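To start, the structure itself, in structure tokens.
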Amino acid sequence: MSGFVEKPEPVQVPGLVHLHTGKVRELYRDGDGNLVMVASDRISAYDWVLPTEIPDKGRVLTQLSLWWFDQLRDLVPNHVIGTDLPEGAPADWAGRTLICKNLTMVPVECVARGYLTGSGLAEYEQTRTVCGLALPEGLVDGSELPAPIFTPAAKAEVGEHDENVSYEEVARTTGAETAALLRQTTLAVYGRARDIARERGIILADTKFEFGFDADGTLVAGDEVLTPDSSRFWPADQWEPGRAQPSFDKQYVRDWLTSPASGWDRKSELPPPALPQEVALQTSGKYIEAYERLTGLTWA
């Protein structure tokens, strides 16, 4: 059992039709047929959307995605049309709202890994492969891979866990030509982002993208890109293979949830508890630090 601890009621705005409540984002359609994507301050961990919000998280995700879209526009176009608030929208939507193109989304999470950790590490320890790709012996948690790899996953519903799949499965699902384009684009974008992050003292261990096709048949980046929700960012000066790495993401939340302080048994069917204010604020600080270090801008 998993999903929302407390599922929120979406804000109703005249002229907008609510389409979907995701782990973090609310999705609407406006009168012109465009998508309106609003990033909330919700946070998920261990397939649960927690009842505690993280201050400023939605704005950080939105503003960081916009910054990355600018860095990547020569590699892949993106779905953003504008950032103006729809008429009648609440003031709280400012800075967290994107007006976006309608895309035919590809049903694949496009994951690039440059370092071994997470679900990739778990598979490697069993089979010496990740998504069917053979890797050398002797790698440990945090090891840099000989070269970045494309390790796709099947998209999951809220409360379900994305499942790693092979490239061959992606080709069967999307067609060989689309699969090749997804792999090529994912690795190209990862390479650009890895180099930008490295210049700023940050390791981009892995990241996931969502792509879709526009009306002209062009592959377009959608959703968010290269945020602490969709990526693992590690401080380069603290990188030490063989252990879990410090990170600019929700790891602080995961660590508290699995600590004795939370009193929560992850293996139970009970939902996790609310986060203490200090944990929420510390996590917010991690997201803001990632934004400031990557962009060179001061969060306001």
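Here's how to read the names in the structure tokens: chain A, B, ... by the order shown, residue numbers from 1 in each chain, ligand numbers from 1 in the order shown.
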Quick one: residues within 9 Å of A:Ala154, only C-alpha atoms, excluding same-chain residues fewer than 3 positions away - as an MDAnalysis selection string?
chainID A and resid 107:110 162:165 170
DSSP alpha helix (DSSP H) selection over stretch 27-271 of chain A, as a PyMOL selection string:
chain A and resi 57-72+118-127+167-174+176-199+251-257
Pick from A:Glu210, A:Glu123, A:Val13, A:Ala244 nearest to A:Ala91, counting only C-alpha atoms
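For A:Ala91, the nearest of the candidates is A:Val13.
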Might you pull out every residue within 12 Å of A:Asp84, with only C-alpha atoms counted and same-chain residues fewer than 2 positions away left off, and present them as a PDB file with all heavy atoms, in the first residue's frame?
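As a result, selection_30.pdb now contains:
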ATOM      1  N   VAL A  36      -1.430  23.618 -18.355  1.00  0.00           N
ATOM      2  CA  VAL A  36      -0.951  24.488 -17.288  1.00  0.00           C
ATOM      3  C   VAL A  36      -0.439  23.577 -16.177  1.00  0.00           C
ATOM      4  O   VAL A  36      -1.193  22.790 -15.603  1.00  0.00           O
ATOM      5  CB  VAL A  36      -2.067  25.401 -16.764  1.00  0.00           C
ATOM      6  CG1 VAL A  36      -1.553  26.278 -15.623  1.00  0.00           C
ATOM      7  CG2 VAL A  36      -2.633  26.262 -17.895  1.00  0.00           C
ATOM      8  N   MET A  37       0.857  23.656 -15.901  1.00  0.00           N
ATOM      9  CA  MET A  37       1.505  22.766 -14.942  1.00  0.00           C
ATOM     10  C   MET A  37       1.932  23.578 -13.724  1.00  0.00           C
ATOM     11  O   MET A  37       2.677  24.556 -13.855  1.00  0.00           O
ATOM     12  CB  MET A  37       2.721  22.113 -15.604  1.00  0.00           C
ATOM     13  CG  MET A  37       3.261  20.918 -14.896  1.00  0.00           C
ATOM     14  SD  MET A  37       4.430  19.982 -15.933  1.00  0.00           S
ATOM     15  CE  MET A  37       5.793  21.128 -16.021  1.00  0.00           C
ATOM     16  N   VAL A  38       1.448  23.184 -12.558  1.00  0.00           N
ATOM     17  CA  VAL A  38       1.718  23.912 -11.326  1.00  0.00           C
ATOM     18  C   VAL A  38       2.480  23.000 -10.377  1.00  0.00           C
ATOM     19  O   VAL A  38       1.973  21.934  -9.985  1.00  0.00           O
ATOM     20  CB  VAL A  38       0.409  24.392 -10.662  1.00  0.00           C
ATOM     21  CG1 VAL A  38       0.730  25.264  -9.448  1.00  0.00           C
ATOM     22  CG2 VAL A  38      -0.459  25.150 -11.660  1.00  0.00           C
ATOM     23  N   VAL A  80       7.853  24.449 -22.947  1.00  0.00           N
ATOM     24  CA  VAL A  80       7.393  25.675 -22.293  1.00  0.00           C
ATOM     25  C   VAL A  80       6.941  26.711 -23.322  1.00  0.00           C
ATOM     26  O   VAL A  80       7.678  27.046 -24.253  1.00  0.00           O
ATOM     27  CB  VAL A  80       8.493  26.269 -21.397  1.00  0.00           C
ATOM     28  CG1 VAL A  80       8.022  27.571 -20.761  1.00  0.00           C
ATOM     29  CG2 VAL A  80       8.892  25.272 -20.321  1.00  0.00           C
ATOM     30  N   ILE A  81       5.724  27.217 -23.132  1.00  0.00           N
ATOM     31  CA  ILE A  81       5.199  28.328 -23.943  1.00  0.00           C
ATOM     32  C   ILE A  81       5.374  29.641 -23.200  1.00  0.00           C
ATOM     33  O   ILE A  81       5.733  30.662 -23.780  1.00  0.00           O
ATOM     34  CB  ILE A  81       3.714  28.098 -24.271  1.00  0.00           C
ATOM     35  CG1 ILE A  81       3.545  26.846 -25.136  1.00  0.00           C
ATOM     36  CG2 ILE A  81       3.112  29.320 -24.967  1.00  0.00           C
ATOM     37  CD1 ILE A  81       2.080  26.455 -25.347  1.00  0.00           C
ATOM     38  N   GLY A  82       5.107  29.647 -21.898  1.00  0.00           N
ATOM     39  CA  GLY A  82       5.220  30.868 -21.115  1.00  0.00           C
ATOM     40  C   GLY A  82       5.091  30.591 -19.634  1.00  0.00           C
ATOM     41  O   GLY A  82       4.855  29.457 -19.195  1.00  0.00           O
ATOM     42  N   PRO A  86      -2.264  32.295 -15.319  1.00  0.00           N
ATOM     43  CA  PRO A  86      -3.589  32.365 -15.932  1.00  0.00           C
ATOM     44  C   PRO A  86      -4.476  33.330 -15.151  1.00  0.00           C
ATOM     45  O   PRO A  86      -4.334  33.478 -13.926  1.00  0.00           O
ATOM     46  CB  PRO A  86      -4.109  30.923 -15.823  1.00  0.00           C
ATOM     47  CG  PRO A  86      -2.888  30.081 -15.627  1.00  0.00           C
ATOM     48  CD  PRO A  86      -1.920  30.931 -14.881  1.00  0.00           C
ATOM     49  N   GLU A  87      -5.387  33.985 -15.840  1.00  0.00           N
ATOM     50  CA  GLU A  87      -6.301  34.909 -15.178  1.00  0.00           C
ATOM     51  C   GLU A  87      -7.101  34.180 -14.110  1.00  0.00           C
ATOM     52  O   GLU A  87      -7.638  33.103 -14.346  1.00  0.00           O
ATOM     53  CB  GLU A  87      -7.246  35.526 -16.208  1.00  0.00           C
ATOM     54  CG  GLU A  87      -8.126  36.629 -15.638  1.00  0.00           C
ATOM     55  CD  GLU A  87      -8.951  37.318 -16.714  1.00  0.00           C
ATOM     56  OE1 GLU A  87      -8.671  37.083 -17.912  1.00  0.00           O
ATOM     57  OE2 GLU A  87      -9.862  38.084 -16.344  1.00  0.00           O
ATOM     58  N   GLY A  88      -7.144  34.781 -12.924  1.00  0.00           N
ATOM     59  CA  GLY A  88      -7.902  34.193 -11.826  1.00  0.00           C
ATOM     60  C   GLY A  88      -7.128  33.192 -11.001  1.00  0.00           C
ATOM     61  O   GLY A  88      -7.657  32.685  -9.998  1.00  0.00           O
ATOM     62  N   ALA A  89      -5.892  32.889 -11.386  1.00  0.00           N
ATOM     63  CA  ALA A  89      -5.088  31.933 -10.624  1.00  0.00           C
ATOM     64  C   ALA A  89      -4.655  32.555  -9.296  1.00  0.00           C
ATOM     65  O   ALA A  89      -4.437  33.768  -9.209  1.00  0.00           O
ATOM     66  CB  ALA A  89      -3.867  31.513 -11.429  1.00  0.00           C
ATOM     67  N   ALA A  91      -2.366  33.857  -6.221  1.00  0.00           N
ATOM     68  CA  ALA A  91      -1.043  34.492  -6.231  1.00  0.00           C
ATOM     69  C   ALA A  91       0.061  33.491  -5.914  1.00  0.00           C
ATOM     70  O   ALA A  91       1.198  33.635  -6.381  1.00  0.00           O
ATOM     71  CB  ALA A  91      -1.020  35.649  -5.230  1.00  0.00           C
ATOM     72  N   TRP A  93       0.569  30.728  -7.077  1.00  0.00           N
ATOM     73  CA  TRP A  93       1.057  30.024  -8.252  1.00  0.00           C
ATOM     74  C   TRP A  93       2.232  30.733  -8.920  1.00  0.00           C
ATOM     75  O   TRP A  93       2.887  30.146  -9.770  1.00  0.00           O
ATOM     76  CB  TRP A  93      -0.078  29.873  -9.268  1.00  0.00           C
ATOM     77  CG  TRP A  93      -1.055  28.787  -8.953  1.00  0.00           C
ATOM     78  CD1 TRP A  93      -1.242  28.151  -7.763  1.00  0.00           C
ATOM     79  CD2 TRP A  93      -1.999  28.213  -9.870  1.00  0.00           C
ATOM     80  NE1 TRP A  93      -2.237  27.216  -7.866  1.00  0.00           N
ATOM     81  CE2 TRP A  93      -2.726  27.232  -9.143  1.00  0.00           C
ATOM     82  CE3 TRP A  93      -2.310  28.440 -11.201  1.00  0.00           C
ATOM     83  CZ2 TRP A  93      -3.739  26.479  -9.725  1.00  0.00           C
ATOM     84  CZ3 TRP A  93      -3.313  27.695 -11.796  1.00  0.00           C
ATOM     85  CH2 TRP A  93      -4.022  26.715 -11.066  1.00  0.00           C
ATOM     86  N   ALA A  94       2.490  31.974  -8.541  1.00  0.00           N
ATOM     87  CA  ALA A  94       3.583  32.724  -9.173  1.00  0.00           C
ATOM     88  C   ALA A  94       4.910  32.010  -8.953  1.00  0.00           C
ATOM     89  O   ALA A  94       5.237  31.589  -7.837  1.00  0.00           O
ATOM     90  CB  ALA A  94       3.651  34.136  -8.600  1.00  0.00           C
ATOM     91  N   GLY A  95       5.679  31.869 -10.019  1.00  0.00           N
ATOM     92  CA  GLY A  95       6.992  31.248  -9.936  1.00  0.00           C
ATOM     93  C   GLY A  95       6.986  29.742  -9.986  1.00  0.00           C
ATOM     94  O   GLY A  95       8.053  29.118 -10.078  1.00  0.00           O
ATOM     95  N   ARG A  96       5.790  29.141  -9.944  1.00  0.00           N
ATOM     96  CA  ARG A  96       5.707  27.683  -9.950  1.00  0.00           C
ATOM     97  C   ARG A  96       4.816  27.170 -11.084  1.00  0.00           C
ATOM     98  O   ARG A  96       4.478  25.984 -11.118  1.00  0.00           O
ATOM     99  CB  ARG A  96       5.201  27.175  -8.595  1.00  0.00           C
ATOM    100  CG  ARG A  96       3.808  27.614  -8.224  1.00  0.00           C
ATOM    101  CD  ARG A  96       3.333  26.979  -6.904  1.00  0.00           C
ATOM    102  NE  ARG A  96       3.919  27.576  -5.727  1.00  0.00           N
ATOM    103  CZ  ARG A  96       4.643  26.907  -4.827  1.00  0.00           C
ATOM    104  NH1 ARG A  96       4.868  25.613  -4.989  1.00  0.00           N
ATOM    105  NH2 ARG A  96       5.142  27.508  -3.778  1.00  0.00           N
ATOM    106  N   THR A  97       4.437  28.048 -12.006  1.00  0.00           N
ATOM    107  CA  THR A  97       3.479  27.699 -13.053  1.00  0.00           C
ATOM    108  C   THR A  97       4.111  27.807 -14.431  1.00  0.00           C
ATOM    109  O   THR A  97       4.791  28.785 -14.741  1.00  0.00           O
ATOM    110  CB  THR A  97       2.249  28.631 -12.976  1.00  0.00           C
ATOM    111  OG1 THR A  97       1.656  28.508 -11.680  1.00  0.00           O
ATOM    112  CG2 THR A  97       1.228  28.283 -14.038  1.00  0.00           C
ATOM    113  N   LEU A  98       3.884  26.793 -15.259  1.00  0.00           N
ATOM    114  CA  LEU A  98       4.335  26.795 -16.642  1.00  0.00           C
ATOM    115  C   LEU A  98       3.146  26.547 -17.563  1.00  0.00           C
ATOM    116  O   LEU A  98       2.324  25.654 -17.309  1.00  0.00           O
ATOM    117  CB  LEU A  98       5.377  25.694 -16.887  1.00  0.00           C
ATOM    118  CG  LEU A  98       6.691  25.783 -16.108  1.00  0.00           C
ATOM    119  CD1 LEU A  98       7.564  24.579 -16.433  1.00  0.00           C
ATOM    120  CD2 LEU A  98       7.423  27.080 -16.407  1.00  0.00           C
ATOM    121  N   ILE A  99       3.053  27.345 -18.634  1.00  0.00           N
ATOM    122  CA  ILE A  99       2.104  27.075 -19.706  1.00  0.00           C
ATOM    123  C   ILE A  99       2.875  26.270 -20.758  1.00  0.00           C
ATOM    124  O   ILE A  99       3.927  26.710 -21.224  1.00  0.00           O
ATOM    125  CB  ILE A  99       1.559  28.373 -20.326  1.00  0.00           C
ATOM    126  CG1 ILE A  99       1.135  29.356 -19.218  1.00  0.00           C
ATOM    127  CG2 ILE A  99       0.408  28.059 -21.278  1.00  0.00           C
ATOM    128  CD1 ILE A  99       0.081  28.830 -18.285  1.00  0.00           C
ATOM    129  N   CYS A 100       2.343  25.118 -21.118  1.00  0.00           N
ATOM    130  CA  CYS A 100       3.126  24.167 -21.900  1.00  0.00           C
ATOM    131  C   CYS A 100       2.366  23.667 -23.128  1.00  0.00           C
ATOM    132  O   CYS A 100       1.137  23.618 -23.145  1.00  0.00           O
ATOM    133  CB  CYS A 100       3.490  22.942 -21.042  1.00  0.00           C
ATOM    134  SG  CYS A 100       4.352  23.356 -19.521  1.00  0.00           S
TER     135      CYS A 100
END
With only C-alpha atoms as the atoms that count, which of A:Thr186, A:Gln245, A:Ser230, A:Gln126 lies nearest to A:Ser143?
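Residue with the minimum atom-to-atom distance to A:Ser143: A:Gln245.
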